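Visitor: Structure in structure tokens, see below.
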Amino acid sequence: MITSLQSPHVEAVKALLGSRGVKERRERGRYVIESVQNIKAALASNETEIESIFYTQEGLERLGSFYHANLIEVAPQVMKAMTDTVSPQGVLAIAKLKRRTLTELQGIKTGKFAYFWQIQDPGNAGTVIRTADAFGFDAVIFSDSSVDIYSPKVIRSTAGSFWQTKVLDEVSVAEIKEFAGKTGSNLFATKSDGPHSLMDAARDSVGKPSIWIFGNEARGLPPEVEASLGAKSVSIPMAGKTESLNLATAASVVMYAVANADK
């Protein structure tokens, strides 16, 4: 059992979570998974390689029966020092970082894909991944200059969905346009003043591959980005007086509409 707060294991985990975490995660090719729910989902995934699991006795009881070659018991105070949460659940995993490519998606004939341009908020990123999983989207794709999808806040807020749907990052606008051409995907850009109704666009997308594009939380999707993609502008009909919805809410509405357009 690790009892020392100065253990190299503690320092290694804290480095992945700290202010230089993005650089550390990329250089080491590792990221941290916290919470019982997330670790169970990662363990169930055939595509995720978990390097080690740190646990307290209480945490191991929460996690339940499973096998892993590299289990490391730590004292409760060590677990608290290692985690990024106020109330740790007594279990923490280190996983190997795996980046997907658009090539992996080309075989999905009638795929539903969500593309987020320069999204910045970790909570929003985690929420849209979880929403995509809930409504059967085939992949969530983040552009370059977006939040790090392997940050602890993003991972936690996916509530396990990070390992249940395909998630891609660092995908440029040019790459998405090329992918759309190769797969015959229709492109739809969500905007508050888009001339086309979401419900009409959702019905048009049935039985065809489609990419639904969402802009940055503060700046939306710049006209030049939309124009370069040749996307159809789509708006969410709203009966109230609010001018717009926040990003995660808008994405949820769109994904629900697309998932249920043929019902």
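Chain lettering (A, B, ...) mirrors the order of the structure tokens, residue numbering begins at 1 for each chain separately, and ligand numbering begins at 1 in order of display.
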Compile the contact shell of Ser205 in chain A as a VMD selection string: residues with an atom at most 10 Å away, counting only C-alpha atoms, same-chain residues fewer than 3 positions apart removed.
Guide: chain A and resid 110 to 112 185 to 188 199 to 202 208 to 211 258 to 259 261 to 262
Visitor: Find the residues of range 105-203 of chain A that sit at most 12 Å from range 47-62 of chain A; for each, write down the nearest two atoms and how far apart they are in Å, to one decimal. Count only C-alpha atoms. Sort by chain, then by number going up, and give it as CSV.
Guide:
```
residue,atom,partner,partner_atom,distance
A:Phe162,CA,A:Thr48,CA,10.4
A:Trp163,CA,A:Thr48,CA,7.7
A:Gln164,CA,A:Glu47,CA,10.1
A:Thr165,CA,A:Glu47,CA,11.1
A:Lys166,CA,A:Glu47,CA,10.4
```
Visitor: Please produce a file of those selected residues containing N, CA and C atoms, as a PDB file, in the first residue's frame.
Guide:
```pdb
ATOM      1  N   PHE A 162     -17.854   8.540 -22.773  1.00  0.00           N
ATOM      2  CA  PHE A 162     -16.595   8.707 -23.519  1.00  0.00           C
ATOM      3  C   PHE A 162     -16.154   7.384 -24.139  1.00  0.00           C
ATOM      4  N   TRP A 163     -16.491   6.270 -23.511  1.00  0.00           N
ATOM      5  CA  TRP A 163     -16.073   4.948 -23.994  1.00  0.00           C
ATOM      6  C   TRP A 163     -17.206   4.209 -24.698  1.00  0.00           C
ATOM      7  N   GLN A 164     -18.335   4.866 -24.876  1.00  0.00           N
ATOM      8  CA  GLN A 164     -19.489   4.229 -25.499  1.00  0.00           C
ATOM      9  C   GLN A 164     -19.850   4.852 -26.841  1.00  0.00           C
ATOM     10  N   THR A 165     -19.143   5.893 -27.220  1.00  0.00           N
ATOM     11  CA  THR A 165     -19.321   6.495 -28.543  1.00  0.00           C
ATOM     12  C   THR A 165     -17.949   6.900 -29.049  1.00  0.00           C
ATOM     13  N   LYS A 166     -17.812   7.076 -30.337  1.00  0.00           N
ATOM     14  CA  LYS A 166     -16.518   7.445 -30.906  1.00  0.00           C
ATOM     15  C   LYS A 166     -16.298   8.949 -30.733  1.00  0.00           C
TER      16      LYS A 166
END
```
Visitor: Can you tell me, as a ChimeraX atom specification, what residues are no more than 10 Å from Thr158 in chain A when counting only C-alpha atoms, ignoring any on the same chain fewer than 4 positions away?
Guide: /A:37-38,122-131,133,153-154,162-164
Visitor: As a list in words, please: the residues near Asp169 in chain A (cut-off 7 Å, only C-alpha atoms, same-chain neighbours under 4 positions excluded).
Guide: Ile141, Phe142, Ser143 and Asp144 of chain A
Visitor: For range 176-178 of chain A, list every protein, DNA or RNA residue within 6 Å, evaluated using only C-alpha atoms, and leave out those in the same chain fewer than 3 positions away; present the list as a PDB file with C-alpha atoms, in the first residue's frame.
Guide:
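Saved the output as selection_18.pdb:
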```pdb
ATOM      1  CA  VAL A 173     -12.530  22.264 -41.094  1.00  0.00           C
ATOM      2  CA  GLY A 181     -17.097  14.569 -49.782  1.00  0.00           C
ATOM      3  CA  LEU A 229     -17.986  23.940 -45.693  1.00  0.00           C
TER       4      LEU A 229
END
```
Visitor: Write out as a list of chain:residue names each polymer residue whose atoms come within 8 Å of Ala75 in chain A, counting only C-alpha atoms; drop sequence neighbours fewer than 3 positions from it.
Guide: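 So, after excluding close chain neighbours, the residues are A:Met1, A:Ile2, A:Thr3, A:Thr56, A:Val78, A:Met79.
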Visitor: Restricting the output to C-alpha atoms, write the selected residues as a tab-separated table (two decimals), in the first residue's frame.
Guide:
```
chain	number	residue	atom	x	y	z
A	1	MET	CA	0.00	0.00	0.00
A	2	ILE	CA	1.20	3.49	-0.85
A	3	THR	CA	1.00	5.73	2.22
A	56	THR	CA	-8.64	2.35	-1.51
A	78	VAL	CA	-3.02	9.55	-0.80
A	79	MET	CA	-6.10	9.04	-2.97
```
Visitor: With DSSP run on the backbone, what are the strand (DSSP E or B) residues within range 66-129 of chain A? I'd like them as a PDB file with N, CA and C atoms, in the first residue's frame.
Guide:
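The result, written out as result.pdb:
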```pdb
ATOM      1  N   LEU A  71      -3.053  -3.488 -10.115  1.00  0.00           N
ATOM      2  CA  LEU A  71      -3.846  -2.836  -9.077  1.00  0.00           C
ATOM      3  C   LEU A  71      -2.912  -2.323  -7.994  1.00  0.00           C
ATOM      4  N   ILE A  72      -3.089  -1.057  -7.610  1.00  0.00           N
ATOM      5  CA  ILE A  72      -2.201  -0.444  -6.624  1.00  0.00           C
ATOM      6  C   ILE A  72      -3.046   0.150  -5.503  1.00  0.00           C
ATOM      7  N   GLU A  73      -2.903  -0.396  -4.312  1.00  0.00           N
ATOM      8  CA  GLU A  73      -3.671   0.116  -3.182  1.00  0.00           C
ATOM      9  C   GLU A  73      -2.977   1.350  -2.597  1.00  0.00           C
ATOM     10  N   VAL A  74      -3.782   2.356  -2.255  1.00  0.00           N
ATOM     11  CA  VAL A  74      -3.256   3.573  -1.647  1.00  0.00           C
ATOM     12  C   VAL A  74      -4.083   3.918  -0.419  1.00  0.00           C
ATOM     13  N   VAL A  91     -11.175   5.440  -6.162  1.00  0.00           N
ATOM     14  CA  VAL A  91     -10.629   4.662  -7.278  1.00  0.00           C
ATOM     15  C   VAL A  91     -10.248   5.614  -8.407  1.00  0.00           C
ATOM     16  N   LEU A  92      -9.143   5.305  -9.060  1.00  0.00           N
ATOM     17  CA  LEU A  92      -8.605   6.179 -10.107  1.00  0.00           C
ATOM     18  C   LEU A  92      -7.793   5.311 -11.069  1.00  0.00           C
ATOM     19  N   ALA A  93      -7.939   5.561 -12.360  1.00  0.00           N
ATOM     20  CA  ALA A  93      -7.230   4.754 -13.353  1.00  0.00           C
ATOM     21  C   ALA A  93      -6.381   5.630 -14.261  1.00  0.00           C
ATOM     22  N   ILE A  94      -5.299   5.059 -14.747  1.00  0.00           N
ATOM     23  CA  ILE A  94      -4.468   5.686 -15.769  1.00  0.00           C
ATOM     24  C   ILE A  94      -4.647   4.880 -17.052  1.00  0.00           C
ATOM     25  N   ALA A  95      -5.047   5.548 -18.113  1.00  0.00           N
ATOM     26  CA  ALA A  95      -5.285   4.870 -19.385  1.00  0.00           C
ATOM     27  C   ALA A  95      -4.374   5.427 -20.467  1.00  0.00           C
ATOM     28  N   LYS A  96      -4.104   4.595 -21.457  1.00  0.00           N
ATOM     29  CA  LYS A  96      -3.315   5.043 -22.601  1.00  0.00           C
ATOM     30  C   LYS A  96      -4.193   5.856 -23.535  1.00  0.00           C
ATOM     31  N   LYS A 112     -24.518   9.459 -38.348  1.00  0.00           N
ATOM     32  CA  LYS A 112     -24.897  10.761 -37.797  1.00  0.00           C
ATOM     33  C   LYS A 112     -23.706  11.257 -36.985  1.00  0.00           C
ATOM     34  N   PHE A 113     -23.139  12.376 -37.404  1.00  0.00           N
ATOM     35  CA  PHE A 113     -21.922  12.894 -36.782  1.00  0.00           C
ATOM     36  C   PHE A 113     -22.158  14.321 -36.286  1.00  0.00           C
ATOM     37  N   ALA A 114     -21.591  14.640 -35.132  1.00  0.00           N
ATOM     38  CA  ALA A 114     -21.655  16.006 -34.589  1.00  0.00           C
ATOM     39  C   ALA A 114     -20.250  16.592 -34.595  1.00  0.00           C
ATOM     40  N   TYR A 115     -20.111  17.783 -35.175  1.00  0.00           N
ATOM     41  CA  TYR A 115     -18.805  18.445 -35.269  1.00  0.00           C
ATOM     42  C   TYR A 115     -18.861  19.757 -34.505  1.00  0.00           C
ATOM     43  N   PHE A 116     -17.942  19.925 -33.558  1.00  0.00           N
ATOM     44  CA  PHE A 116     -17.924  21.121 -32.714  1.00  0.00           C
ATOM     45  C   PHE A 116     -16.683  21.945 -33.022  1.00  0.00           C
TER      46      PHE A 116
END
```
Visitor: I'd like the contact shell of range 222-227 of chain A - 8 Å cut-off, only C-alpha atoms, skipping same-chain residues fewer than 3 positions apart - returned as a PyMOL selection string.
Guide: chain A and resi 173+189+215+219+230-231
Visitor: Take the residues from that selection and write them out as a PDB file, in the first residue's frame, keeping N, CA and C atoms.
Guide:
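result.pdb, freshly written:
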```
ATOM      1  N   VAL A 173     -11.394  22.028 -40.202  1.00  0.00           N
ATOM      2  CA  VAL A 173     -12.530  22.264 -41.094  1.00  0.00           C
ATOM      3  C   VAL A 173     -12.265  21.636 -42.459  1.00  0.00           C
ATOM      4  N   ALA A 189     -25.335  23.384 -40.537  1.00  0.00           N
ATOM      5  CA  ALA A 189     -24.757  24.278 -39.531  1.00  0.00           C
ATOM      6  C   ALA A 189     -25.881  24.895 -38.706  1.00  0.00           C
ATOM      7  N   GLY A 215     -21.034  25.845 -33.420  1.00  0.00           N
ATOM      8  CA  GLY A 215     -19.967  26.818 -33.263  1.00  0.00           C
ATOM      9  C   GLY A 215     -19.508  26.989 -31.828  1.00  0.00           C
ATOM     10  N   ARG A 219     -18.670  32.847 -29.824  1.00  0.00           N
ATOM     11  CA  ARG A 219     -18.643  33.443 -31.170  1.00  0.00           C
ATOM     12  C   ARG A 219     -19.505  32.718 -32.185  1.00  0.00           C
ATOM     13  N   GLY A 230     -19.789  24.794 -47.063  1.00  0.00           N
ATOM     14  CA  GLY A 230     -20.968  24.655 -47.902  1.00  0.00           C
ATOM     15  C   GLY A 230     -22.137  24.043 -47.155  1.00  0.00           C
ATOM     16  N   ALA A 231     -22.239  24.373 -45.872  1.00  0.00           N
ATOM     17  CA  ALA A 231     -23.269  23.785 -45.026  1.00  0.00           C
ATOM     18  C   ALA A 231     -24.589  24.526 -45.155  1.00  0.00           C
TER      19      ALA A 231
END
```
Visitor: Expressed in Å to a single decimal, how great is the separation between CA of Arg25 in chain A and CA of Lys98 in chain A?
Guide: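 Going from CA of Arg25 in chain A over to CA of Lys98 in chain A covers 11.2 Å.
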Visitor: Quick one: DSSP helix (DSSP H, G or I) residues in range 49-263 of chain A, as an MDAnalysis selection string?
Guide: chainID A and resid 57:63 76:82 102:105 122:134 152:157 161:163 173:183 198:204 223:229 247:259
Visitor: Using only C-alpha atoms, which residue out of A:Tyr256, A:Phe179, A:Trp117, A:Phe66 lies closest to Leu105 in chain A?
Guide: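 Of A:Tyr256, A:Phe179, A:Trp117, A:Phe66, the one nearest Leu105 in chain A, counting only C-alpha atoms, is A:Phe179.
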Visitor: Quick one: distance from CA of Asn70 in chain A to CA of Ile39 in chain A in Å, one decimal?
Guide: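 About the pair CA of Asn70 in chain A and CA of Ile39 in chain A: they are 14.2 Å apart.
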Visitor: Could you tell me which of A:Val36, A:Ala174, A:Gln77, A:Ala139 comes closest to Ser4 in chain A if we count only C-alpha atoms?
Guide: A:Gln77
Visitor: Between A:Thr83, A:Ser252, A:Ser192, A:Ser145, which is the closest to Leu16 in chain A once you count only C-alpha atoms?
Guide: A:Thr83
Visitor: Please report the interatomic distance between CA of Ser233 in chain A and CA of Gly194 in chain A in Å with one decimal.
Guide: 4.6 Å
